[in-house]
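Participant: The following block contains the structure, expressed as structure tokens.
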Amino acid sequence: MTAPTIDALHAAYRSNELTPTLLVQQLLDQCNKADAAIWITRLEREQLQVYLDALEGHSPDTKPLYGIPFAIKDNIDLAGVPTTAACPGFSYVPEVSAPVVQALIDAGAIPLGKTNLDQFATGLVGTRSPYGVPVNSIKAEDIPGGSSSGSAVAVALGLVTFSLGTDTAGSGRVPASFNNLIGFKPSRGVLSTKGVVPACKSLDCVSVFAFTAADAVKVFELTRGFVADDTWARPFARTAPGWSPGTPFRFGVLPQSQRHYFGAPEADVLYEDSVSRLCAMGGTAVGVDFEPFLEAARLLYGGPWVAERYVATQSMIENDPDGMLPVTRGIIGGGNKPLATDAFRAIYRLAELKRASEALWKQVDVMLTPTTPRCYTVQEVMDEPVQLNTNLGTYTNFMNLLDLCGCAVPAGFLPNGRSWGVTLMAPAFQDERILSLAGVLHELSGVTLGATGAPLPKLPTESGKTPGWMPVAVCGAHMEGLPLNKDMLAHGAKLKLRTKTAPIYRMYHLPGAGPRPPRPGLVRTPENGAAIELEVWDMPESALGSFFATIKPPLGLGWVELEDGSSVCGFVCEAAATAPESDITSHGGWRAWLAGQS
């Protein structure tokens with residue numbers, strides 16, 4: 001079976017093997033045979049015609065999501081279709097779609113319907129809905145995960161290519177782990193929550209379920225436009241580039257004392273497998289203290305954020321309490337009890353924990369945790385609905401409180417057949433870094449896609465790299481026409497392009513010694529760096545070793561980040577060999593410095 005990823009469907013459209021109309025009919029037939037509890041409202045063929053008509057005269061070359069089917073969690077507005085938040089008494093019909101939904105439709109995507117969820121997005125279990133419990137796509141007796149239960153199952157079964165969920169405490173990640181999917185929770189406010197029924201307005205995020213990280217990236221790029229009249233929106237202010245294969249990075253690993261599996265210790269094997277895969281990708285594992293994050297997670301349901309849920313549903317809970325499920329009413333109802341003094345104490349403690357958590361990001365670039373400790377059966381959750389739900393949020397509840405972004409990644413299957421996953425996380429606005437790492441980590445897991453049995457598509461080869469050749473960045477005497485360029489030519493190198501580094505380097509003058517001419521020393525200095533001009537040459541990989549032997553300390557070869565965010569092998573310098581008086585960064589490059597000396 002071929003999974004309906006964006007690239008696969010577009011390839012079928014381009015070859016005329018498929019049309020959007022034919023695909024919609026096929027998917028409607030599949031939906032009719034699938035578990036009805038996945039959906040709260042599924043669009044009929046006649047309702048879908050308007051979206052098909054809008055594709056006339058277009059193709060995958062003019063609309064980036066041309067003919068791509070998707071699903072929408074039923075707390076996000078789709079014009080003309082009821083929004084229920086899984087509470088029939090709350091239902092309303094919006095006149096316009098949420099901005100994130102409209103952006104997808106404008107890009108050519110086709111909404112198949114609104115999916116089931118834990119009522120008012122309150123829960124991580126997927127069992128708190130009057131519309132039924134969606135059947136877990138991997139193991140039928142297990143919970144599907146929540147609150148975005150239907151959104152995850154719809155993707156895992158191949159009924160849609162991707163879906164929108166929401167994530168306040170883990171609702172966009174827990175169901176991904178239980179259904180063998182990518183679950184991406186972006187930085188808070190980057191995807192507008194206008195047109196979303198709030199759970200906690202200050203924490204809510206729109207999330208993405210997809211078969212692959214590449215598909216999640218495309219959805220993210222198309223939906224992250226700043227919405228000025230959304231008071232919680234934030235422009236995407238990138239603080240780290242996407243990761244390129246071959247670029248070293250540091251990742252945090254939990255100590256054994258902070259690995260909580262709640263009776264499923266076999267999951268630690270898959271966690272360690274993920275650690276090994278990240279190391280194989282060039283990562284360095286760093287043991288960290290994760291306690292500030294875990295304590296922040298415990299704050300979520302014991303502080304003002306339950307009161308915020310009460311505010312979001314106040315009219316319903318006060319005027320029609322019987323219209324809510326008892327478990328939902330019981331959780332949210334407690335939100336009218338905390339005093340303002342309790343709220344401020346929790347806010348102060350969160351500020352302390354946030355400051356404490358910042359120490360971790362000085363040690364690592366990303367953090368690796370379980371997505372959720374373990375899964376439970378539906379019966380187990382029905383017997384103990386609150387405590388087991390709390391267990392599920394151990395590694396998710398803190399993320400929005402601490403302003404992080406995260407991506408849940410399949411890690412494999414446990415001996416009992418359950419799907420289990422890990423999460424990569426980083427500070428806000430580093431979404432592209434975690435998505436690019438997630439894509440390779442996912443590929444190395446060797447799992448198939450969702451519940452379809454389809455193989456995971458191979459990632460494209462490293463951009464710009466010619467097989468058998470290694471790009472090498474030079475910034476000084478090895479540049480074209482300068483004294484040491486002869487060493488490049490002697491090793492068969494060919495000039496590829498002239499560009500600049502990312503603005504995270506400083507350049508120092510290193511005096512000549514004997515026959516060696518003066519050279520620059522490039523030092524990575526993210527806090528006060530600048531962009532430095534350089535050249536990238538292609539060198540035969542077989543010649544790289546002998547070329548390296550010609551390089552004398554304090555210079556060496558390392559990874560140099562370019563202005564486009566990619567990284568290549570290149571000249572770097574030991575910081576200890578530089579002095580402030582030799583800083584020539586202001587010239588912007590070696591050639592410019594040389595010109596100033598003549």
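Chain labels A, B, ... are given in the sequence in which chains occur in the structure tokens; within each chain residues are numbered consecutively from 1, and ligands are likewise numbered from 1 in the order shown.
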Would you list, as number ranges by chain, the residues of range 138-363 of chain A that end up in strand (DSSP E) under DSSP run on this structure's backbone?

Facilitator: A: 162-167, 182-185, 205-210, 249-253, 283-287

Participant: Where does range 172-223 of chain A meet range 420-435 of chain A within 10 Å, residue by residue, with the nearest atom pair and distance in Å to one decimal for each, counting only C-alpha atoms, listed by chain and rising number, as a tab-separated table?

Facilitator:
residue	atom	partner	partner_atom	distance
A:Arg173	CA	A:Thr423	CA	8.2
A:Val174	CA	A:Gly421	CA	8.9
A:Ala176	CA	A:Gly421	CA	8.0
A:Ser177	CA	A:Gly421	CA	4.8
A:Phe178	CA	A:Trp420	CA	6.1
A:Asn179	CA	A:Trp420	CA	8.2
A:Asn180	CA	A:Trp420	CA	7.1
A:Leu181	CA	A:Gly421	CA	8.6
A:Ile182	CA	A:Gly421	CA	9.1
A:Gly183	CA	A:Thr423	CA	8.9
A:Phe184	CA	A:Leu435	CA	8.0
A:Lys185	CA	A:Asp431	CA	8.6
A:Pro186	CA	A:Asp431	CA	6.2
A:Ser187	CA	A:Ala428	CA	5.0
A:Arg188	CA	A:Ala428	CA	7.4
A:Gly189	CA	A:Ala428	CA	9.9
A:Val190	CA	A:Phe429	CA	8.5
A:Thr212	CA	A:Leu435	CA	9.7
A:Ala213	CA	A:Leu435	CA	6.0
A:Ala214	CA	A:Leu435	CA	7.9
A:Ala216	CA	A:Leu435	CA	8.0
A:Val217	CA	A:Leu435	CA	6.9
A:Phe220	CA	A:Asp431	CA	9.2
A:Glu221	CA	A:Glu432	CA	9.8

Participant: Using Å and a single decimal, report how far CA of Pro373 in chain A sits from CA of Tyr261 in chain A.

Facilitator: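 These atoms are spaced 4.5 Å apart.
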
Participant: Could you check which of A:Asp403, A:Val560, A:Ala438, A:Leu459 is closest to Pro471 in chain A, using only C-alpha atoms?

Facilitator: A:Val560

Participant: Please identify all polymer residues within 10 Å of Val253 in chain A, counting only C-alpha atoms, omitting same-chain residues fewer than 2 positions from it, and present them as a list of chain:residue names.

Facilitator: A:Arg250, A:Phe251, A:Pro255, A:Gln256, A:Gln258, A:Arg259, A:Tyr271, A:Glu272, A:Val275, A:Thr284, A:Ala285, A:Val286, A:Gly287, A:Val288, A:Asp289, A:Phe290, A:Val364, A:Val366, A:Met367, A:Leu368, A:Thr369

Participant: Restricting it to C-alpha atoms, dump the selection as a compact mmCIF listing (two decimals), in the first residue's frame.

Facilitator:
# COMPACT_ATOMS: atom_id res chain seq x y z
CA ARG A 250 24.02 18.17 21.43
CA PHE A 251 20.90 16.53 22.78
CA PRO A 255 18.86 10.14 33.79
CA GLN A 256 17.43 6.79 34.82
CA GLN A 258 13.71 10.64 35.73
CA ARG A 259 12.55 7.98 33.25
CA TYR A 271 14.19 5.31 24.31
CA GLU A 272 17.78 4.04 24.24
CA VAL A 275 19.47 7.90 21.75
CA THR A 284 26.34 14.09 21.29
CA ALA A 285 24.25 12.77 24.19
CA VAL A 286 24.38 14.93 27.33
CA GLY A 287 22.88 13.76 30.62
CA VAL A 288 20.74 16.52 32.14
CA ASP A 289 18.61 17.25 35.19
CA PHE A 290 15.02 17.43 33.95
CA VAL A 364 22.11 21.10 24.72
CA VAL A 366 17.49 19.84 21.74
CA MET A 367 16.02 17.54 24.39
CA LEU A 368 14.87 13.94 23.91
CA THR A 369 12.10 12.51 26.11

Participant: Need to verify the contact set: Lys496 in chain A, 9 Å, only C-alpha atoms, exclusion of same-chain residues closer than 4 positions in sequence. Can you return it as a list in words?

Facilitator: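 Those residues are Pro471, Glu535, Val536, Trp537 and Asp538 of chain A.
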
Participant: Write out, as CSV, each residue of range 50-93 of chain A that has an atom at most 12 Å from range 22-33 of chain A, together with the closest pair of atoms and their distance in Å to one decimal, counting only C-alpha atoms, rows going by chain and rising number.

Facilitator:
residue,atom,partner,partner_atom,distance
A:Tyr51,CA,A:Val24,CA,10.6
A:Leu52,CA,A:Val24,CA,9.0
A:Tyr66,CA,A:Leu23,CA,11.9
A:Gly67,CA,A:Leu23,CA,8.3
A:Ile68,CA,A:Leu23,CA,9.1
A:Pro69,CA,A:Val24,CA,7.8
A:Phe70,CA,A:Val24,CA,10.9
A:Ala71,CA,A:Cys31,CA,11.9

Participant: Taking into account only C-alpha atoms, which residue in the set A:Cys375, A:Ala549, A:Ala12, A:Ala543 is nearest to Leu124 in chain A?

Facilitator: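 Of A:Cys375, A:Ala549, A:Ala12, A:Ala543, the one nearest Leu124 in chain A, counting only C-alpha atoms, is A:Cys375.
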
Participant: Can you tell me, as a ChimeraX atom specification, what residues are no more than 7 Å from Gly89 in chain A when counting only C-alpha atoms, ignoring any on the same chain fewer than 2 positions away?

Facilitator: /A:87,91,323

Participant: Return the single residue from A:Glu443, A:Asp53, A:Glu380, A:Glu295 that is closest to Arg277 in chain A, with distances computed using only C-alpha atoms.

Facilitator: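 Among the listed residues, A:Glu443 lies closest to Arg277 in chain A.
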
Participant: Residues of range 303-462 of chain A classed as helix (DSSP H, G or I) by DSSP on the backbone are to be reported as JSON, numbers by chain.

Facilitator: {"A": [304, 305, 306, 307, 308, 309, 310, 311, 312, 314, 315, 316, 317, 318, 319, 321, 322, 323, 326, 327, 328, 329, 330, 331, 332, 333, 334, 335, 336, 340, 341, 342, 343, 344, 345, 346, 347, 348, 349, 350, 351, 352, 353, 354, 355, 356, 357, 358, 359, 360, 361, 378, 379, 380, 381, 382, 383, 385, 386, 387, 388, 389, 390, 391, 392, 431, 432, 433, 434, 435, 436, 437, 438, 439, 440, 441, 442, 443, 444, 445]}

Participant: Report, in Å with one decimal, the straight-line distance from CA of Asn75 in chain A to CA of Ile38 in chain A.

Facilitator: 14.1 Å
